[in-house]
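Okay, start_10.cif is below, mmCIF, C-alpha atoms:
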data_query
loop_
_atom_site.label_atom_id
_atom_site.label_comp_id
_atom_site.auth_asym_id
_atom_site.auth_seq_id
_atom_site.Cartn_x
_atom_site.Cartn_y
_atom_site.Cartn_z
CA MET A 1 16.15 29.60 18.14
CA SER A 2 13.54 28.46 20.64
CA ASN A 3 11.02 27.94 17.80
CA VAL A 4 13.47 25.67 15.97
CA ALA A 5 14.09 23.70 19.13
CA SER A 6 10.36 23.40 19.73
CA LYS A 7 9.75 22.09 16.21
CA SER A 8 12.65 19.67 16.55
CA GLY A 9 11.18 18.41 19.81
CA ARG A 10 7.80 17.79 18.19
CA TRP A 11 9.40 15.80 15.38
CA THR A 12 11.36 13.78 17.96
CA ASP A 13 8.14 13.02 19.82
CA LEU A 14 6.46 11.85 16.60
CA ALA A 15 9.43 9.58 15.88
CA ASN A 16 9.23 8.00 19.32
CA PRO A 17 7.85 4.43 19.07
CA THR A 18 6.17 4.72 22.48
CA ARG A 19 4.38 7.89 21.44
CA PHE A 20 3.35 6.19 18.20
CA LEU A 21 1.88 3.25 20.14
CA ASN A 22 -0.16 5.62 22.30
CA LEU A 23 -1.35 7.53 19.23
CA ALA A 24 -2.24 4.29 17.43
CA SER A 25 -4.34 3.11 20.36
CA SER A 26 -6.33 6.34 20.21
CA VAL A 27 -6.71 6.54 16.43
CA LEU A 28 -7.34 2.91 15.47
CA PRO A 29 -10.93 2.55 16.81
CA TRP A 30 -12.05 5.69 14.96
CA LEU A 31 -10.17 4.74 11.80
CA ALA A 32 -11.60 1.22 11.82
CA GLY A 33 -15.11 2.59 12.35
CA ALA A 34 -14.73 5.06 9.48
CA THR A 35 -13.42 2.23 7.28
CA LEU A 36 -16.41 -0.03 7.97
CA ILE A 37 -18.93 2.76 7.41
CA THR A 38 -17.31 4.01 4.20
CA LEU A 39 -16.95 0.52 2.73
CA ALA A 40 -20.53 -0.34 3.64
CA ILE A 41 -21.79 2.81 1.90
CA GLY A 42 -19.49 2.13 -1.05
CA PHE A 43 -20.68 -1.46 -1.49
CA TRP A 44 -24.31 -0.32 -1.30
CA MET A 45 -23.70 2.41 -3.90
CA SER A 46 -21.89 -0.12 -6.10
CA MET A 47 -24.80 -2.55 -6.00
CA MET A 48 -27.26 0.25 -6.77
CA ALA A 49 -25.19 1.61 -9.65
CA PRO A 50 -26.57 0.92 -13.14
CA ASP A 51 -24.98 -1.58 -15.51
CA ASP A 52 -22.79 -0.24 -18.28
CA TYR A 53 -24.40 -0.13 -21.71
CA GLN A 54 -21.47 -2.06 -23.20
CA GLN A 55 -19.99 -4.09 -20.34
CA GLY A 56 -23.22 -4.89 -18.55
CA ILE A 57 -23.00 -6.03 -14.92
CA THR A 58 -19.31 -6.94 -15.27
CA VAL A 59 -18.47 -3.24 -14.99
CA LYS A 60 -19.06 -3.53 -11.24
CA ILE A 61 -15.74 -5.37 -10.90
CA MET A 62 -14.29 -1.90 -11.49
CA PHE A 63 -15.42 -0.80 -8.03
CA ILE A 64 -12.92 -3.14 -6.36
CA HIS A 65 -10.33 -3.60 -9.11
CA VAL A 66 -9.50 0.08 -9.57
CA PRO A 67 -9.04 0.81 -5.81
CA PHE A 68 -6.80 -2.26 -5.50
CA ALA A 69 -4.70 -1.04 -8.44
CA TRP A 70 -4.46 2.49 -7.04
CA LEU A 71 -3.48 1.22 -3.60
CA SER A 72 -0.86 -1.17 -4.97
CA MET A 73 1.02 1.87 -6.31
CA MET A 74 0.26 4.13 -3.34
CA CYS A 75 1.54 1.53 -0.90
CA TYR A 76 4.84 1.15 -2.76
CA THR A 77 5.18 4.94 -2.90
CA ILE A 78 4.77 5.06 0.90
CA MET A 79 7.42 2.35 1.20
CA SER A 80 9.77 4.40 -0.97
CA ILE A 81 9.26 7.49 1.19
CA ALA A 82 9.94 5.34 4.25
CA ALA A 83 13.09 4.02 2.54
CA LEU A 84 14.32 7.60 2.19
CA GLY A 85 13.54 8.08 5.87
CA THR A 86 15.71 5.08 6.67
CA LEU A 87 18.69 6.01 4.48
CA VAL A 88 18.68 9.82 4.73
CA TRP A 89 16.99 10.85 7.97
CA ARG A 90 17.47 7.64 10.01
CA HIS A 91 13.88 7.95 11.23
CA PRO A 92 13.25 5.34 13.96
CA LEU A 93 9.87 4.34 12.51
CA ALA A 94 10.78 4.46 8.82
CA ASP A 95 11.91 0.85 8.55
CA VAL A 96 8.91 -0.25 10.64
CA ALA A 97 6.55 1.56 8.25
CA ALA A 98 8.17 0.04 5.15
CA LYS A 99 8.25 -3.48 6.55
CA ALA A 100 4.61 -3.22 7.68
CA ALA A 101 3.42 -1.91 4.31
CA ALA A 102 5.04 -4.59 2.14
CA PRO A 103 2.69 -7.54 2.89
CA ILE A 104 -0.38 -5.30 2.62
CA GLY A 105 0.82 -3.94 -0.71
CA ALA A 106 1.53 -7.45 -1.96
CA VAL A 107 -2.03 -8.53 -1.12
CA PHE A 108 -3.57 -5.46 -2.79
CA THR A 109 -1.43 -6.02 -5.90
CA ALA A 110 -2.40 -9.70 -6.07
CA LEU A 111 -6.07 -8.75 -5.74
CA ALA A 112 -5.65 -6.14 -8.48
CA LEU A 113 -4.22 -8.82 -10.78
CA ILE A 114 -6.93 -11.34 -9.92
CA THR A 115 -9.86 -8.94 -10.29
CA GLY A 116 -8.29 -7.57 -13.47
CA SER A 117 -8.23 -11.08 -14.91
CA LEU A 118 -11.85 -11.64 -13.92
CA TRP A 119 -12.77 -8.38 -15.63
CA GLY A 120 -10.57 -9.00 -18.64
CA LYS A 121 -11.97 -12.43 -19.54
CA PRO A 122 -15.46 -11.22 -20.63
CA MET A 123 -14.11 -7.94 -22.05
CA TRP A 124 -10.96 -9.12 -23.87
CA GLY A 125 -11.73 -12.82 -24.26
CA THR A 126 -8.66 -13.88 -22.28
CA TRP A 127 -7.57 -14.04 -18.64
CA TRP A 128 -4.12 -12.57 -19.26
CA VAL A 129 -2.07 -10.76 -21.87
CA TRP A 130 1.51 -9.62 -21.54
CA ASP A 131 0.80 -5.98 -22.30
CA ALA A 132 2.72 -3.11 -20.68
CA ARG A 133 0.24 -2.40 -17.86
CA LEU A 134 -0.28 -6.00 -16.79
CA THR A 135 3.40 -6.88 -17.03
CA SER A 136 4.52 -3.84 -15.01
CA VAL A 137 1.94 -4.57 -12.29
CA PHE A 138 3.14 -8.18 -12.17
CA VAL A 139 6.71 -6.88 -11.78
CA LEU A 140 5.43 -4.72 -8.89
CA PHE A 141 4.03 -7.84 -7.24
CA LEU A 142 7.41 -9.54 -7.59
CA MET A 143 9.09 -6.47 -6.08
CA TYR A 144 6.83 -6.73 -3.04
CA LEU A 145 7.72 -10.39 -2.64
CA GLY A 146 11.42 -9.56 -3.01
CA VAL A 147 11.25 -6.89 -0.30
CA ILE A 148 9.39 -9.25 2.05
CA ALA A 149 11.90 -12.05 1.44
CA LEU A 150 14.87 -9.73 1.96
CA THR A 151 13.58 -8.39 5.28
CA ARG A 152 13.35 -11.96 6.57
CA ALA A 153 16.67 -13.17 5.15
CA MET A 154 19.00 -11.09 7.37
CA ASP A 155 19.48 -11.39 11.10
CA ASP A 156 21.06 -7.94 11.49
CA PRO A 157 18.12 -5.46 11.69
CA ALA A 158 20.19 -2.40 10.78
CA ARG A 159 21.77 -4.01 7.71
CA SER A 160 18.43 -5.48 6.66
CA ALA A 161 16.81 -2.04 6.87
CA ARG A 162 19.49 -0.41 4.69
CA VAL A 163 19.55 -3.12 2.01
CA THR A 164 15.75 -3.31 1.87
CA ALA A 165 15.51 0.47 1.58
CA ILE A 166 17.91 0.47 -1.39
CA LEU A 167 15.96 -2.30 -3.14
CA THR A 168 12.70 -0.44 -2.52
CA LEU A 169 14.03 2.77 -4.05
CA VAL A 170 15.38 0.91 -7.08
CA GLY A 171 11.98 -0.68 -7.59
CA PHE A 172 10.19 2.66 -7.46
CA VAL A 173 11.15 3.28 -11.09
CA ASN A 174 8.37 0.83 -11.95
CA ILE A 175 5.63 3.07 -10.50
CA PRO A 176 5.68 5.73 -13.26
CA ILE A 177 5.95 2.92 -15.81
CA ILE A 178 2.69 1.45 -14.48
CA LYS A 179 1.02 4.85 -14.42
CA PHE A 180 1.99 5.98 -17.92
CA SER A 181 2.24 2.60 -19.67
CA VAL A 182 -1.14 3.13 -21.37
CA ASP A 183 0.17 6.43 -22.81
CA TRP A 184 3.63 5.22 -23.81
CA TRP A 185 2.65 1.88 -25.40
CA ASN A 186 -0.29 0.31 -27.18
CA THR A 187 -2.10 -1.70 -24.50
CA LEU A 188 -5.55 -3.17 -23.97
CA HIS A 189 -6.09 -0.90 -20.98
CA GLN A 190 -7.89 2.36 -21.57
CA PRO A 191 -6.12 5.67 -20.78
CA ALA A 192 -6.78 7.53 -17.53
CA SER A 193 -10.50 8.16 -17.16
CA VAL A 194 -10.92 9.41 -13.57
CA ILE A 195 -8.12 11.95 -12.99
CA ARG A 196 -7.35 13.61 -16.30
CA MET A 197 -7.27 16.97 -18.02
CA GLY A 198 -10.79 17.99 -18.97
CA GLY A 199 -12.45 16.01 -16.19
CA SER A 200 -13.51 12.41 -15.75
CA THR A 201 -14.97 10.43 -18.64
CA ILE A 202 -16.92 8.13 -16.30
CA ASP A 203 -20.62 8.80 -15.80
CA PRO A 204 -21.37 10.19 -12.29
CA SER A 205 -23.61 7.19 -11.54
CA LEU A 206 -20.49 5.01 -11.74
CA LEU A 207 -17.88 7.56 -10.68
CA TRP A 208 -19.28 8.32 -7.21
CA PRO A 209 -19.45 4.66 -6.06
CA LEU A 210 -15.91 4.21 -7.39
CA LEU A 211 -14.60 7.20 -5.41
CA VAL A 212 -16.36 6.10 -2.20
CA MET A 213 -14.91 2.59 -2.59
CA ALA A 214 -11.46 4.07 -3.20
CA ILE A 215 -11.73 6.12 -0.02
CA GLY A 216 -12.97 3.09 1.92
CA PHE A 217 -10.13 0.85 0.78
CA THR A 218 -7.62 3.64 1.45
CA LEU A 219 -8.90 3.89 5.00
CA LEU A 220 -8.64 0.09 5.22
CA PHE A 221 -5.01 0.28 4.15
CA PHE A 222 -4.13 2.86 6.80
CA THR A 223 -6.01 0.87 9.45
CA LEU A 224 -4.10 -2.30 8.60
CA HIS A 225 -0.82 -0.41 8.24
CA ILE A 226 -1.03 1.13 11.70
CA MET A 227 -2.02 -2.22 13.21
CA VAL A 228 0.91 -4.03 11.58
CA MET A 229 3.32 -1.22 12.56
CA ARG A 230 2.16 -1.53 16.16
CA ASN A 231 2.68 -5.31 16.09
CA GLU A 232 6.12 -4.88 14.52
CA ILE A 233 7.20 -2.47 17.27
CA TRP A 234 6.01 -4.90 19.93
CA ARG A 235 7.79 -7.79 18.14
CA ARG A 236 11.07 -5.85 18.03
CA ARG A 237 10.80 -4.95 21.70
CA VAL A 238 10.20 -8.59 22.66
CA THR A 239 13.17 -9.68 20.50
CA ALA A 240 15.39 -7.06 22.11
CA MET A 241 14.31 -8.14 25.60
CA ARG A 242 15.07 -11.78 24.77
CA ARG A 243 18.54 -10.86 23.51
CA ILE A 244 19.26 -8.87 26.66
CA ALA A 245 18.04 -11.76 28.79
CA ALA A 246 20.17 -14.24 26.83
CA ARG A 247 23.29 -12.07 27.21
CA SER A 248 22.63 -11.64 30.90
CA ALA A 249 22.28 -15.41 31.30
CA GLU A 250 25.57 -15.99 29.44
CA ARG A 251 27.41 -13.57 31.72
CA LYS A 252 26.05 -15.26 34.83
CA ALA A 253 26.86 -18.76 33.59
CA PRO A 254 29.98 -20.27 35.23
#

Encoded form (structure tokens):
Amino acid sequence: MSNVASKSGRWTDLANPTRFLNLASSVLPWLAGATLITLAIGFWMSMMAPDDYQQGITVKIMFIHVPFAWLSMMCYTIMSIAALGTLVWRHPLADVAAKAAAPIGAVFTALALITGSLWGKPMWGTWWVWDARLTSVFVLFLMYLGVIALTRAMDDPARSARVTAILTLVGFVNIPIIKFSVDWWNTLHQPASVIRMGGSTIDPSLLWPLLVMAIGFTLLFFTLHIMVMRNEIWRRRVTAMRRIAARSAERKAP
């Protein structure tokens, strides 16, 4: 019984916004440093990587496009987990995590679309085609914008959190569509070439810079996410203090 109580207490501590702020202050400098170092190494490896025998130097767009595409889906998955935390477990930081992740995910998705267009023009001869992969990623971008707009459209924080969580979970159905669209439909995108049965089809000289860049941008996401979560907690505390002060002033008014 005491072990259960101890575990419950630890989870309560982790859910405490004040404890999160203290943890963020300790972790952020190290996380930011690791992000800068990893991205610097990744960019150097990308510049030193050989050109592709078919795509030439344009293949190096892959080193930023693919991490952006991965992170656009990962970020929405994190938002969906946070949405469950809001609706099912009523976790105090769940809504904060989802709201903080949405703008970052929207930016990563937009960058994935932009870099994909820059890569697609010399390879496909066009900036854009309405194939399954591109269309589903564009829908993901719209979902991010919808979540952001909805969080700002309601004054009641509790109602906004519930409605946004429901919308986020409904939109999660698009994530497997993005992932498996190249297998389910005939698209211009190639099938999975990094994580697949039988091993990667990418040459190690290109694969290692890609993996380092993916790790670097993932660290960048978590750095930004923690920073925005911290700012959101502070913003909510200031808003709550202003409401308390306003109510106190109304009671004192003659």

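Of the listed residues (A:Val238, A:Val59, A:Leu140, A:Leu113), A:Leu113 comes nearest to Trp127 in chain A; the distances count only C-alpha atoms.
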
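The space separating CA of Pro157 in chain A from CA of Val173 in chain A comes to 25.4 Å.
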
| message | Starting from the PyMOL selection byres ((chain A and resi 216-225) around 8), expand the selection into actual residues of this file and give them as a count of residues only. | response | 24

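Coordinates place CA of Gln54 in chain A at a distance of 11.3 Å from CA of Pro122 in chain A.
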
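Remark: for Ala49 in chain A, the closest of the candidate residues A:Trp208, A:Phe20, A:Trp234, A:Phe141 is A:Trp208 (distances computed over only C-alpha atoms).
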
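Using only C-alpha atoms, the shortest contact distance between Leu84 in chain A and any of A:Lys252, A:Lys179, A:Arg243, A:Arg162 is found at A:Arg162.
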
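Closest approach to Ala69 in chain A from the set A:Ala82, A:Gly33, A:Leu134, A:Met241 is made by A:Leu134, with distances taken over only C-alpha atoms.
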
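Note on the selection: in this file the PyMOL selection byres ((chain A and resi 123) around 12) comes out as Gln54, Gln55, Gly56, Ile57, Thr58, Val59, Ile61, Gly116, Ser117, Leu118, Trp119, Gly120, Lys121, Pro122, Trp124, Gly125, Thr126, Trp127, Trp128, Leu188 and His189 of chain A.
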
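What separates CA of Ala132 in chain A from CA of Leu211 in chain A is a distance of 25.3 Å.
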
| query | Hey, what comes out of the PyMOL selection byres ((chain A and resi 168) around 8) on this file? Could you write it as a ChimeraX atom specification? | reply | /A:79-80,83,143,147,164-167,169-172

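Among the candidates A:Arg133, A:Arg159, A:Arg242, A:His65, the residue lying nearest to Ile175 in chain A is A:Arg133 (atoms considered: only C-alpha atoms).
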
| message | For range 230-233 of chain A, find every residue with an atom within 8 Å (counting only C-alpha atoms), except residues of its own chain fewer than 5 positions away, and show them as a ChimeraX atom specification. | response | /A:17,21,24,96,100

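When only C-alpha atoms are used to compute distances to Met48 in chain A, the closest of the residues A:Ile114, A:Gly105, A:Pro92, A:Leu206 turns out to be A:Leu206.
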
| task | Quick one: everything within 12 Å of Ala158 in chain A, counting only C-alpha atoms, minus sequence neighbours fewer than 2 positions away in the same chain. Send it as a VMD selection string. | result | chain A and resid 86 to 87 90 92 94 to 96 151 154 to 156 160 to 165
